[in-house]
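Asks: Pasting structure-v3.cif here (mmCIF, N, CA and C atoms):
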```cif
data_entry
#
loop_
_atom_site.group_PDB
_atom_site.id
_atom_site.type_symbol
_atom_site.label_atom_id
_atom_site.label_comp_id
_atom_site.auth_asym_id
_atom_site.auth_seq_id
_atom_site.Cartn_x
_atom_site.Cartn_y
_atom_site.Cartn_z
ATOM 1 N N MET O 1 0.853 -1.170 0.000
ATOM 2 C CA MET O 1 0.000 0.000 0.000
ATOM 3 C C MET O 1 0.893 1.225 0.000
ATOM 4 N N SER O 2 0.662 2.128 -0.900
ATOM 5 C CA SER O 2 1.507 3.311 -0.963
ATOM 6 C C SER O 2 1.075 4.313 0.102
ATOM 7 N N LYS O 3 2.026 5.053 0.573
ATOM 8 C CA LYS O 3 1.780 6.039 1.621
ATOM 9 C C LYS O 3 1.732 7.430 1.005
ATOM 10 N N SER O 4 0.900 8.266 1.584
ATOM 11 C CA SER O 4 0.863 9.654 1.144
ATOM 12 C C SER O 4 1.964 10.417 1.867
ATOM 13 N N ILE O 5 2.243 11.595 1.407
ATOM 14 C CA ILE O 5 3.244 12.432 2.059
ATOM 15 C C ILE O 5 2.793 12.740 3.492
ATOM 16 N N ASP O 6 1.494 12.903 3.700
ATOM 17 C CA ASP O 6 0.982 13.154 5.053
ATOM 18 C C ASP O 6 1.239 11.962 5.967
ATOM 19 N N ASP O 7 1.066 10.733 5.439
ATOM 20 C CA ASP O 7 1.358 9.538 6.225
ATOM 21 C C ASP O 7 2.827 9.502 6.627
ATOM 22 N N LEU O 8 3.690 9.844 5.693
ATOM 23 C CA LEU O 8 5.126 9.830 5.968
ATOM 24 C C LEU O 8 5.517 10.897 6.992
ATOM 25 N N LEU O 9 4.939 12.087 6.856
ATOM 26 C CA LEU O 9 5.223 13.149 7.818
ATOM 27 C C LEU O 9 4.706 12.776 9.205
ATOM 28 N N ASN O 10 3.526 12.177 9.263
ATOM 29 C CA ASN O 10 2.978 11.744 10.546
ATOM 30 C C ASN O 10 3.860 10.679 11.181
ATOM 31 N N ALA O 11 4.377 9.769 10.384
ATOM 32 C CA ALA O 11 5.263 8.724 10.896
ATOM 33 C C ALA O 11 6.543 9.328 11.462
ATOM 34 N N LEU O 12 7.030 10.375 10.840
ATOM 35 C CA LEU O 12 8.231 11.045 11.355
ATOM 36 C C LEU O 12 7.932 11.772 12.668
ATOM 37 N N GLN O 13 6.751 12.352 12.771
ATOM 38 C CA GLN O 13 6.382 13.080 13.981
ATOM 39 C C GLN O 13 5.997 12.141 15.122
ATOM 40 N N ASN O 14 5.515 10.950 14.791
ATOM 41 C CA ASN O 14 5.065 9.982 15.789
ATOM 42 C C ASN O 14 5.710 8.620 15.522
ATOM 43 N N PRO O 15 7.010 8.498 15.695
ATOM 44 C CA PRO O 15 7.701 7.260 15.312
ATOM 45 C C PRO O 15 7.305 6.041 16.134
ATOM 46 N N ASN O 16 6.742 6.211 17.319
ATOM 47 C CA ASN O 16 6.367 5.065 18.150
ATOM 48 C C ASN O 16 4.969 4.547 17.862
ATOM 49 N N LYS O 17 4.217 5.260 17.052
ATOM 50 C CA LYS O 17 2.867 4.829 16.700
ATOM 51 C C LYS O 17 2.969 3.821 15.561
ATOM 52 N N SER O 18 2.436 2.614 15.783
ATOM 53 C CA SER O 18 2.517 1.583 14.747
ATOM 54 C C SER O 18 1.454 1.807 13.684
ATOM 55 N N SER O 19 1.751 1.375 12.489
ATOM 56 C CA SER O 19 0.796 1.487 11.387
ATOM 57 C C SER O 19 -0.056 0.232 11.333
ATOM 58 N N ASP O 20 -1.135 0.291 10.571
ATOM 59 C CA ASP O 20 -2.004 -0.875 10.403
ATOM 60 C C ASP O 20 -1.235 -2.050 9.828
ATOM 61 N N HIS O 21 -0.318 -1.762 8.913
ATOM 62 C CA HIS O 21 0.451 -2.840 8.287
ATOM 63 C C HIS O 21 1.313 -3.574 9.313
ATOM 64 N N ALA O 22 1.827 -2.849 10.275
ATOM 65 C CA ALA O 22 2.681 -3.483 11.277
ATOM 66 C C ALA O 22 1.883 -4.475 12.114
ATOM 67 N N GLN O 23 0.573 -4.301 12.176
ATOM 68 C CA GLN O 23 -0.259 -5.172 12.983
ATOM 69 C C GLN O 23 -0.641 -6.460 12.248
ATOM 70 N N LEU O 24 -0.460 -6.514 10.954
ATOM 71 C CA LEU O 24 -0.815 -7.706 10.194
ATOM 72 C C LEU O 24 0.433 -8.289 9.547
ATOM 73 N N ASN O 25 0.865 -9.420 10.048
ATOM 74 C CA ASN O 25 2.005 -10.110 9.458
ATOM 75 C C ASN O 25 1.533 -10.958 8.292
ATOM 76 N N ASN O 26 2.398 -11.145 7.324
ATOM 77 C CA ASN O 26 2.071 -12.017 6.195
ATOM 78 C C ASN O 26 2.381 -13.453 6.629
ATOM 79 N N ASP O 27 1.457 -14.015 7.426
ATOM 80 C CA ASP O 27 1.644 -15.371 7.921
ATOM 81 C C ASP O 27 0.330 -16.147 7.843
ATOM 82 N N PHE O 28 0.418 -17.419 8.179
ATOM 83 C CA PHE O 28 -0.744 -18.295 8.085
ATOM 84 C C PHE O 28 -1.916 -17.779 8.902
ATOM 85 N N ARG O 29 -1.639 -17.266 10.108
ATOM 86 C CA ARG O 29 -2.709 -16.806 10.983
ATOM 87 C C ARG O 29 -3.491 -15.655 10.354
ATOM 88 N N THR O 30 -2.802 -14.705 9.759
ATOM 89 C CA THR O 30 -3.492 -13.583 9.113
ATOM 90 C C THR O 30 -4.326 -14.072 7.943
ATOM 91 N N TRP O 31 -3.737 -14.947 7.127
ATOM 92 C CA TRP O 31 -4.480 -15.471 5.973
ATOM 93 C C TRP O 31 -5.693 -16.279 6.422
ATOM 94 N N ALA O 32 -5.573 -17.024 7.517
ATOM 95 C CA ALA O 32 -6.715 -17.777 8.045
ATOM 96 C C ALA O 32 -7.805 -16.816 8.503
ATOM 97 N N ARG O 33 -7.413 -15.741 9.148
ATOM 98 C CA ARG O 33 -8.388 -14.742 9.601
ATOM 99 C C ARG O 33 -9.099 -14.098 8.422
ATOM 100 N N ILE O 34 -8.361 -13.799 7.360
ATOM 101 C CA ILE O 34 -8.975 -13.237 6.160
ATOM 102 C C ILE O 34 -9.979 -14.232 5.588
ATOM 103 N N GLY O 35 -9.575 -15.503 5.494
ATOM 104 C CA GLY O 35 -10.459 -16.547 4.973
ATOM 105 C C GLY O 35 -11.697 -16.746 5.822
ATOM 106 N N ASN O 36 -11.585 -16.528 7.122
ATOM 107 C CA ASN O 36 -12.714 -16.683 8.042
ATOM 108 C C ASN O 36 -13.534 -15.409 8.190
ATOM 109 N N LYS O 37 -13.225 -14.403 7.373
ATOM 110 C CA LYS O 37 -13.938 -13.112 7.389
ATOM 111 C C LYS O 37 -13.868 -12.437 8.759
ATOM 112 N N ASP O 38 -12.699 -12.516 9.395
ATOM 113 C CA ASP O 38 -12.478 -11.870 10.691
ATOM 114 C C ASP O 38 -12.701 -10.363 10.544
ATOM 115 N N LYS O 39 -13.147 -9.737 11.612
ATOM 116 C CA LYS O 39 -13.427 -8.299 11.583
ATOM 117 C C LYS O 39 -12.194 -7.451 11.848
ATOM 118 N N PHE O 40 -11.078 -8.054 12.277
ATOM 119 C CA PHE O 40 -9.836 -7.331 12.554
ATOM 120 C C PHE O 40 -10.129 -6.078 13.377
ATOM 121 N N GLU O 41 -10.835 -6.264 14.473
ATOM 122 C CA GLU O 41 -11.258 -5.143 15.310
ATOM 123 C C GLU O 41 -10.089 -4.302 15.815
ATOM 124 N N GLU O 42 -8.905 -4.918 15.947
ATOM 125 C CA GLU O 42 -7.752 -4.173 16.443
ATOM 126 C C GLU O 42 -7.315 -3.056 15.503
ATOM 127 N N LEU O 43 -7.769 -3.104 14.262
ATOM 128 C CA LEU O 43 -7.415 -2.058 13.307
ATOM 129 C C LEU O 43 -8.305 -0.825 13.450
ATOM 130 N N GLY O 44 -9.464 -0.989 14.075
ATOM 131 C CA GLY O 44 -10.361 0.143 14.297
ATOM 132 C C GLY O 44 -10.963 0.713 13.025
ATOM 133 N N LEU O 45 -11.213 -0.142 12.044
ATOM 134 C CA LEU O 45 -11.756 0.313 10.767
ATOM 135 C C LEU O 45 -13.237 -0.031 10.647
ATOM 136 N N GLU O 46 -13.973 0.821 9.940
ATOM 137 C CA GLU O 46 -15.358 0.517 9.594
ATOM 138 C C GLU O 46 -15.354 -0.625 8.581
ATOM 139 N N PRO O 47 -16.453 -1.377 8.463
ATOM 140 C CA PRO O 47 -16.482 -2.518 7.531
ATOM 141 C C PRO O 47 -16.064 -2.169 6.098
ATOM 142 N N SER O 48 -16.522 -1.039 5.581
ATOM 143 C CA SER O 48 -16.143 -0.672 4.215
ATOM 144 C C SER O 48 -14.655 -0.319 4.132
ATOM 145 N N GLU O 49 -14.120 0.315 5.174
ATOM 146 C CA GLU O 49 -12.694 0.638 5.215
ATOM 147 C C GLU O 49 -11.869 -0.637 5.319
ATOM 148 N N LEU O 50 -12.347 -1.589 6.130
ATOM 149 C CA LEU O 50 -11.641 -2.852 6.297
ATOM 150 C C LEU O 50 -11.565 -3.600 4.979
ATOM 151 N N GLU O 51 -12.667 -3.641 4.260
ATOM 152 C CA GLU O 51 -12.679 -4.336 2.972
ATOM 153 C C GLU O 51 -11.644 -3.742 2.021
ATOM 154 N N SER O 52 -11.607 -2.433 1.939
ATOM 155 C CA SER O 52 -10.642 -1.749 1.086
ATOM 156 C C SER O 52 -9.212 -1.996 1.568
ATOM 157 N N PHE O 53 -9.008 -1.895 2.892
ATOM 158 C CA PHE O 53 -7.689 -2.125 3.464
ATOM 159 C C PHE O 53 -7.204 -3.537 3.144
ATOM 160 N N LEU O 54 -8.068 -4.549 3.356
ATOM 161 C CA LEU O 54 -7.658 -5.931 3.117
ATOM 162 C C LEU O 54 -7.397 -6.206 1.641
ATOM 163 N N GLU O 55 -8.186 -5.601 0.760
ATOM 164 C CA GLU O 55 -7.922 -5.755 -0.674
ATOM 165 C C GLU O 55 -6.522 -5.264 -1.006
ATOM 166 N N GLN O 56 -6.157 -4.101 -0.480
ATOM 167 C CA GLN O 56 -4.823 -3.553 -0.745
ATOM 168 C C GLN O 56 -3.752 -4.386 -0.050
ATOM 169 N N TRP O 57 -4.015 -4.827 1.184
ATOM 170 C CA TRP O 57 -3.047 -5.646 1.918
ATOM 171 C C TRP O 57 -2.759 -6.934 1.157
ATOM 172 N N ILE O 58 -3.795 -7.554 0.610
ATOM 173 C CA ILE O 58 -3.629 -8.794 -0.157
ATOM 174 C C ILE O 58 -2.770 -8.545 -1.391
ATOM 175 N N LYS O 59 -2.986 -7.426 -2.061
ATOM 176 C CA LYS O 59 -2.168 -7.083 -3.230
ATOM 177 C C LYS O 59 -0.703 -6.896 -2.842
ATOM 178 N N ASP O 60 -0.478 -6.288 -1.667
ATOM 179 C CA ASP O 60 0.880 -5.978 -1.210
ATOM 180 C C ASP O 60 1.586 -7.156 -0.541
ATOM 181 N N ASN O 61 0.830 -8.190 -0.155
ATOM 182 C CA ASN O 61 1.366 -9.324 0.596
ATOM 183 C C ASN O 61 0.906 -10.641 -0.022
ATOM 184 N N PRO O 62 1.496 -11.038 -1.115
ATOM 185 C CA PRO O 62 1.047 -12.266 -1.776
ATOM 186 C C PRO O 62 1.233 -13.491 -0.894
ATOM 187 N N TYR O 63 0.306 -14.429 -1.062
ATOM 188 C CA TYR O 63 0.355 -15.698 -0.319
ATOM 189 C C TYR O 63 1.334 -16.613 -1.040
ATOM 190 N N ASN O 64 2.341 -17.064 -0.335
ATOM 191 C CA ASN O 64 3.383 -17.900 -0.949
ATOM 192 C C ASN O 64 3.576 -19.210 -0.184
ATOM 193 N N ASN O 65 2.515 -20.020 -0.117
ATOM 194 C CA ASN O 65 2.592 -21.305 0.585
ATOM 195 C C ASN O 65 3.187 -21.159 1.971
ATOM 196 N N ILE O 66 2.615 -20.274 2.728
ATOM 197 C CA ILE O 66 3.109 -20.001 4.079
ATOM 198 C C ILE O 66 2.900 -21.212 4.944
#
```
With the file now loaded, output its structure as structure tokens.
Replies:
Amino acid sequence: MSKSIDDLLNALQNPNKSSDHAQLNNDFRTWARIGNKDKFEELGLEPSELESFLEQWIKDNPYNNI
């Protein structure tokens, strides 16, 4: 997922704040959760935002026989 300049500036100003991507590892557990239609409540996203986020996450994190 590409970052905007605002995202990058915010990351510089708040280096200890983790991003959504840092919370989802490209591992079997994440892929199982996606397959089970988990709500990923820890991300704090609305359902429509989550769908968009996961679509982009899947594009950025291909499944490689994990």
Asks: Can you work out the spacing between atom N of Glu42 (chain O) and CA of Leu24 (chain O) in Å, to one decimal?
Replies: 10.3 Å
Asks: What's the separation between CA of Gly44 (chain O) and CA of Tyr63 (chain O), in Å to one decimal place?
Replies: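 CA of Tyr63 (chain O) lies at a distance of 24.1 Å from CA of Gly44 (chain O).
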Asks: What's the separation between atom N of Asn25 (chain O) and atom N of Asp38 (chain O), in Å to one decimal place?
Replies: 13.9 Å
Asks: Report the residues retrieved by the PyMOL selection byres ((chain O and resi 26) around 8) from the displayed file, expressed as number ranges by chain.
Replies: O: 21, 23-25, 27-31, 61-64, 66
